[in-house]
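Text of run30.pdb, listed as PDB, C-alpha atoms and all ligand atoms:
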```pdb
ATOM      1  CA  MET X   1      37.418 115.874  80.367
ATOM      2  CA  THR X   2      39.421 114.223  83.125
ATOM      3  CA  THR X   3      37.543 111.548  85.015
ATOM      4  CA  ALA X   4      38.050 110.574  88.630
ATOM      5  CA  THR X   5      39.462 107.249  87.394
ATOM      6  CA  GLN X   6      42.072 109.031  85.266
ATOM      7  CA  ILE X   7      43.080 111.228  88.198
ATOM      8  CA  GLN X   8      43.412 108.171  90.416
ATOM      9  CA  GLU X   9      45.529 106.432  87.751
ATOM     10  CA  GLN X  10      47.820 109.460  87.518
ATOM     11  CA  ILE X  11      48.202 109.537  91.322
ATOM     12  CA  SER X  12      49.132 105.839  91.294
ATOM     13  CA  LEU X  13      51.736 106.446  88.571
ATOM     14  CA  ASN X  14      53.199 109.402  90.492
ATOM     15  CA  GLN X  15      53.412 107.334  93.680
ATOM     16  CA  GLN X  16      55.125 104.505  91.801
ATOM     17  CA  THR X  17      57.663 106.925  90.278
ATOM     18  CA  ALA X  18      58.352 108.540  93.661
ATOM     19  CA  LYS X  19      58.891 105.131  95.262
ATOM     20  CA  GLU X  20      61.367 104.064  92.574
ATOM     21  CA  GLU X  21      63.298 107.298  92.983
ATOM     22  CA  VAL X  22      63.711 107.105  96.768
ATOM     23  CA  SER X  23      63.995 103.378  97.448
ATOM     24  CA  THR X  24      67.593 102.241  97.867
ATOM     25  CA  PRO X  25      68.630  99.350  95.612
ATOM     26  CA  LYS X  26      68.957  95.931  97.213
ATOM     27  CA  LYS X  27      72.470  94.784  98.051
ATOM     28  CA  TYR X  28      73.893  91.353  97.414
ATOM     29  CA  GLY X  29      76.799  89.706  99.201
ATOM     30  CA  VAL X  30      79.352  87.615  97.338
ATOM     31  CA  PHE X  31      80.645  84.788  99.564
ATOM     32  CA  LEU X  32      83.447  82.292  99.152
ATOM     33  CA  LEU X  33      82.951  78.756 100.471
ATOM     34  CA  ASN X  34      85.642  76.540 101.912
ATOM     35  CA  ASP X  35      86.907  73.348 100.325
ATOM     36  CA  HIS X  36      89.841  71.041 101.060
ATOM     37  CA  TYR X  37      91.730  71.499  97.766
ATOM     38  CA  THR X  38      91.931  75.121  96.574
ATOM     39  CA  PRO X  39      95.336  76.555  97.569
ATOM     40  CA  MET X  40      95.248  79.381 100.116
ATOM     41  CA  ASP X  41      97.416  81.571  97.861
ATOM     42  CA  PHE X  42      94.925  81.192  95.008
ATOM     43  CA  VAL X  43      92.072  82.377  97.249
ATOM     44  CA  VAL X  44      94.127  85.363  98.427
ATOM     45  CA  ASP X  45      94.863  86.259  94.774
ATOM     46  CA  ILE X  46      91.131  86.104  93.966
ATOM     47  CA  LEU X  47      90.290  88.379  96.884
ATOM     48  CA  GLN X  48      92.931  90.890  95.780
ATOM     49  CA  ASN X  49      92.211  90.809  92.048
ATOM     50  CA  VAL X  50      88.433  90.282  91.811
ATOM     51  CA  PHE X  51      87.360  92.031  95.007
ATOM     52  CA  ARG X  52      90.138  94.661  94.985
ATOM     53  CA  LEU X  53      91.036  93.985  98.626
ATOM     54  CA  PRO X  54      94.417  94.805 100.168
ATOM     55  CA  LYS X  55      96.578  91.761 100.919
ATOM     56  CA  THR X  56      96.053  91.976 104.720
ATOM     57  CA  GLN X  57      92.257  91.908 104.353
ATOM     58  CA  ALA X  58      92.451  89.210 101.679
ATOM     59  CA  VAL X  59      94.433  86.944 104.038
ATOM     60  CA  THR X  60      91.988  87.635 106.897
ATOM     61  CA  ILE X  61      88.945  86.702 104.776
ATOM     62  CA  MET X  62      90.661  83.620 103.313
ATOM     63  CA  LEU X  63      91.443  82.386 106.845
ATOM     64  CA  GLN X  64      87.883  83.107 107.977
ATOM     65  CA  VAL X  65      86.553  80.959 105.112
ATOM     66  CA  HIS X  66      89.128  78.263 105.892
ATOM     67  CA  HIS X  67      88.107  78.123 109.590
ATOM     68  CA  GLU X  68      84.380  78.967 109.471
ATOM     69  CA  GLY X  69      83.366  77.587 106.072
ATOM     70  CA  LYS X  70      82.126  80.809 104.480
ATOM     71  CA  GLY X  71      83.128  84.456 104.224
ATOM     72  CA  LEU X  72      81.791  87.726 102.805
ATOM     73  CA  CYS X  73      84.024  89.185 100.089
ATOM     74  CA  GLY X  74      81.952  92.245  99.175
ATOM     75  CA  ARG X  75      78.507  93.866  98.898
ATOM     76  CA  TYR X  76      77.228  95.021  95.499
ATOM     77  CA  THR X  77      74.174  95.584  93.344
ATOM     78  CA  LYS X  78      72.822  92.347  91.868
ATOM     79  CA  ASP X  79      74.486  92.626  88.443
ATOM     80  CA  VAL X  80      77.904  93.516  89.858
ATOM     81  CA  ALA X  81      77.664  90.692  92.438
ATOM     82  CA  GLN X  82      76.829  88.167  89.716
ATOM     83  CA  THR X  83      79.698  89.410  87.541
ATOM     84  CA  LYS X  84      82.179  89.009  90.434
ATOM     85  CA  GLN X  85      80.814  85.515  91.123
ATOM     86  CA  GLN X  86      81.308  84.565  87.462
ATOM     87  CA  GLN X  87      84.870  85.953  87.485
ATOM     88  CA  VAL X  88      85.675  83.804  90.542
ATOM     89  CA  LEU X  89      84.140  80.657  89.055
ATOM     90  CA  ASN X  90      85.860  81.177  85.677
ATOM     91  CA  ALA X  91      89.251  81.673  87.335
ATOM     92  CA  ALA X  92      88.721  78.593  89.533
ATOM     93  CA  VAL X  93      87.689  76.347  86.624
ATOM     94  CA  ASN X  94      90.578  77.609  84.459
ATOM     95  CA  ALA X  95      93.036  76.824  87.272
ATOM     96  CA  GLY X  96      91.417  73.454  87.999
ATOM     97  CA  HIS X  97      90.309  74.319  91.547
ATOM     98  CA  PRO X  98      86.894  73.453  93.057
ATOM     99  CA  LEU X  99      86.454  76.903  94.697
ATOM    100  CA  MET X 100      82.782  77.798  95.159
ATOM    101  CA  CYS X 101      81.290  81.256  95.260
ATOM    102  CA  VAL X 102      77.674  82.205  96.040
ATOM    103  CA  VAL X 103      75.584  85.390  95.854
ATOM    104  CA  GLU X 104      72.995  86.097  98.571
ATOM    105  CA  GLU X 105      70.596  88.990  99.006
ATOM    106  CA  LEU X 106      71.507  90.981 102.123
ATOM    107  CA  VAL X 107      68.983  92.326 104.632
TER     108      VAL X 107
HETATM  109  N1  LIG X 201      90.763  75.112 102.898
HETATM  110  C1  LIG X 201      91.697  75.404 101.820
HETATM  111  C2  LIG X 201      93.044  74.751 102.122
HETATM  112  O1  LIG X 201      93.290  74.336 103.230
HETATM  113  C3  LIG X 201      91.899  76.900 101.629
HETATM  114  C4  LIG X 201      90.655  77.606 101.199
HETATM  115  C5  LIG X 201      90.315  78.825 101.767
HETATM  116  C6  LIG X 201      89.831  77.089 100.186
HETATM  117  C7  LIG X 201      89.187  79.506 101.366
HETATM  118  C8  LIG X 201      88.703  77.767  99.773
HETATM  119  O2  LIG X 201      87.288  79.678  99.922
HETATM  120  C9  LIG X 201      88.389  78.981 100.363
HETATM  121  N2  LIG X 201      93.928  74.703 101.115
END
```
As structure tokens, what does this structure read like?
Ligand code: TYC
Amino acid sequence: MTTATQIQEQISLNQQTAKEEVSTPKKYGVFLLNDHYTPMDFVVDILQNVFRLPKTQAVTIMLQVHHEGKGLCGRYTKDVAQTKQQQVLNAAVNAGHPLMCVVEELV
């Protein structure tokens, strides 16, 4: 026999499943921060190689970070954003540059 409680539980499960199927995944922005030491060419290389941006766009974003302190490099799911951030930080440490990179949830 199916009780009212069991029916209600099944409805709750169905609603949960439906919500997971239709809700769009959150997006996360990967941002570069300015500093006084990292060479501009190194930042442009990062934007081209990690974020797959064309040179023109890479230069534009690098200059935005240089002048405004921070710039959006790309929007991704959380795991991809964190992987890109780690690639930037690894490359910066290996090259001896203090370049900083942060991930922020986007609204
Ligand atoms: N401000 C740096 C310089 O003058 C260049 C720079 C740009 C550094 C962007 C970091 O995220 C950055 N060499």
What's the 10 Å shell around region 52-60 of chain X, counting all atoms listed in the file, without same-chain residues fewer than 4 positions away, as a PDB file with C-alpha atoms, keeping the file's coordinate frame?
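Wrote it out as around-v3.pdb, contents follow:
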```
ATOM      1  CA  MET X  40      95.248  79.381 100.116  1.00  0.00           C
ATOM      2  CA  ASP X  41      97.416  81.571  97.861  1.00  0.00           C
ATOM      3  CA  VAL X  43      92.072  82.377  97.249  1.00  0.00           C
ATOM      4  CA  VAL X  44      94.127  85.363  98.427  1.00  0.00           C
ATOM      5  CA  ASP X  45      94.863  86.259  94.774  1.00  0.00           C
ATOM      6  CA  ILE X  46      91.131  86.104  93.966  1.00  0.00           C
ATOM      7  CA  LEU X  47      90.290  88.379  96.884  1.00  0.00           C
ATOM      8  CA  GLN X  48      92.931  90.890  95.780  1.00  0.00           C
ATOM      9  CA  GLN X  64      87.883  83.107 107.977  1.00  0.00           C
ATOM     10  CA  VAL X  65      86.553  80.959 105.112  1.00  0.00           C
ATOM     11  CA  HIS X  66      89.128  78.263 105.892  1.00  0.00           C
ATOM     12  CA  GLY X  71      83.128  84.456 104.224  1.00  0.00           C
ATOM     13  CA  CYS X  73      84.024  89.185 100.089  1.00  0.00           C
ATOM     14  CA  GLY X  74      81.952  92.245  99.175  1.00  0.00           C
TER      15      GLY X  74
END
```
The PyMOL selection byres (((not hetatm)) within 9 of (chain X and resi 201)) applied to the shown file, residues as a ChimeraX atom specification
/X:31-44,61-67,69-71,98-101
So, with only C-alpha atoms as the atoms that count, which of X:Glu105, X:Ala95, X:Leu89, X:Val80 lies closest to Tyr28 (chain X)?
X:Glu105
Around the point (70.2, 99.9, 94.2), in the coordinates given by the file, pick out the residues reaching within 9 Å, counting only C-alpha atoms, and return them as a list in words.
Ser23, Thr24, Pro25, Lys26, Lys27, Tyr76, Thr77 and Lys78 of chain X
Pairwise distance, CA of Ala81 (chain X) with CA of Val22 (chain X), equals 22.0 Å
Please measure the separation of CA of Asn90 (chain X) and CA of Val107 (chain X), giving the value in Å to one decimal.
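Interatomic distance, CA of Asn90 (chain X) to CA of Val107 (chain X): 27.7 Å.
Computed from the coordinates, the CA of Val30 (chain X) to CA of Val88 (chain X) distance equals 10.0 Å.
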Counting only C-alpha atoms, the residue of X:Asn94, X:Lys84, X:Val103, X:Glu68 that sits nearest Val50 (chain X)
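Answer, going by the shortest atom-to-atom distance: X:Lys84.
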Using 8 Å of padding on each side, determine the axis-aligned box around all atoms of region 63-70 of chain X present in the file and give its centre and edge lengths in Å to one decimal, as lines of an AutoDock Vina configuration file.
```
center_x = 86.8
center_y = 80.3
center_z = 107.0
size_x = 25.3
size_y = 21.5
size_z = 21.1
```
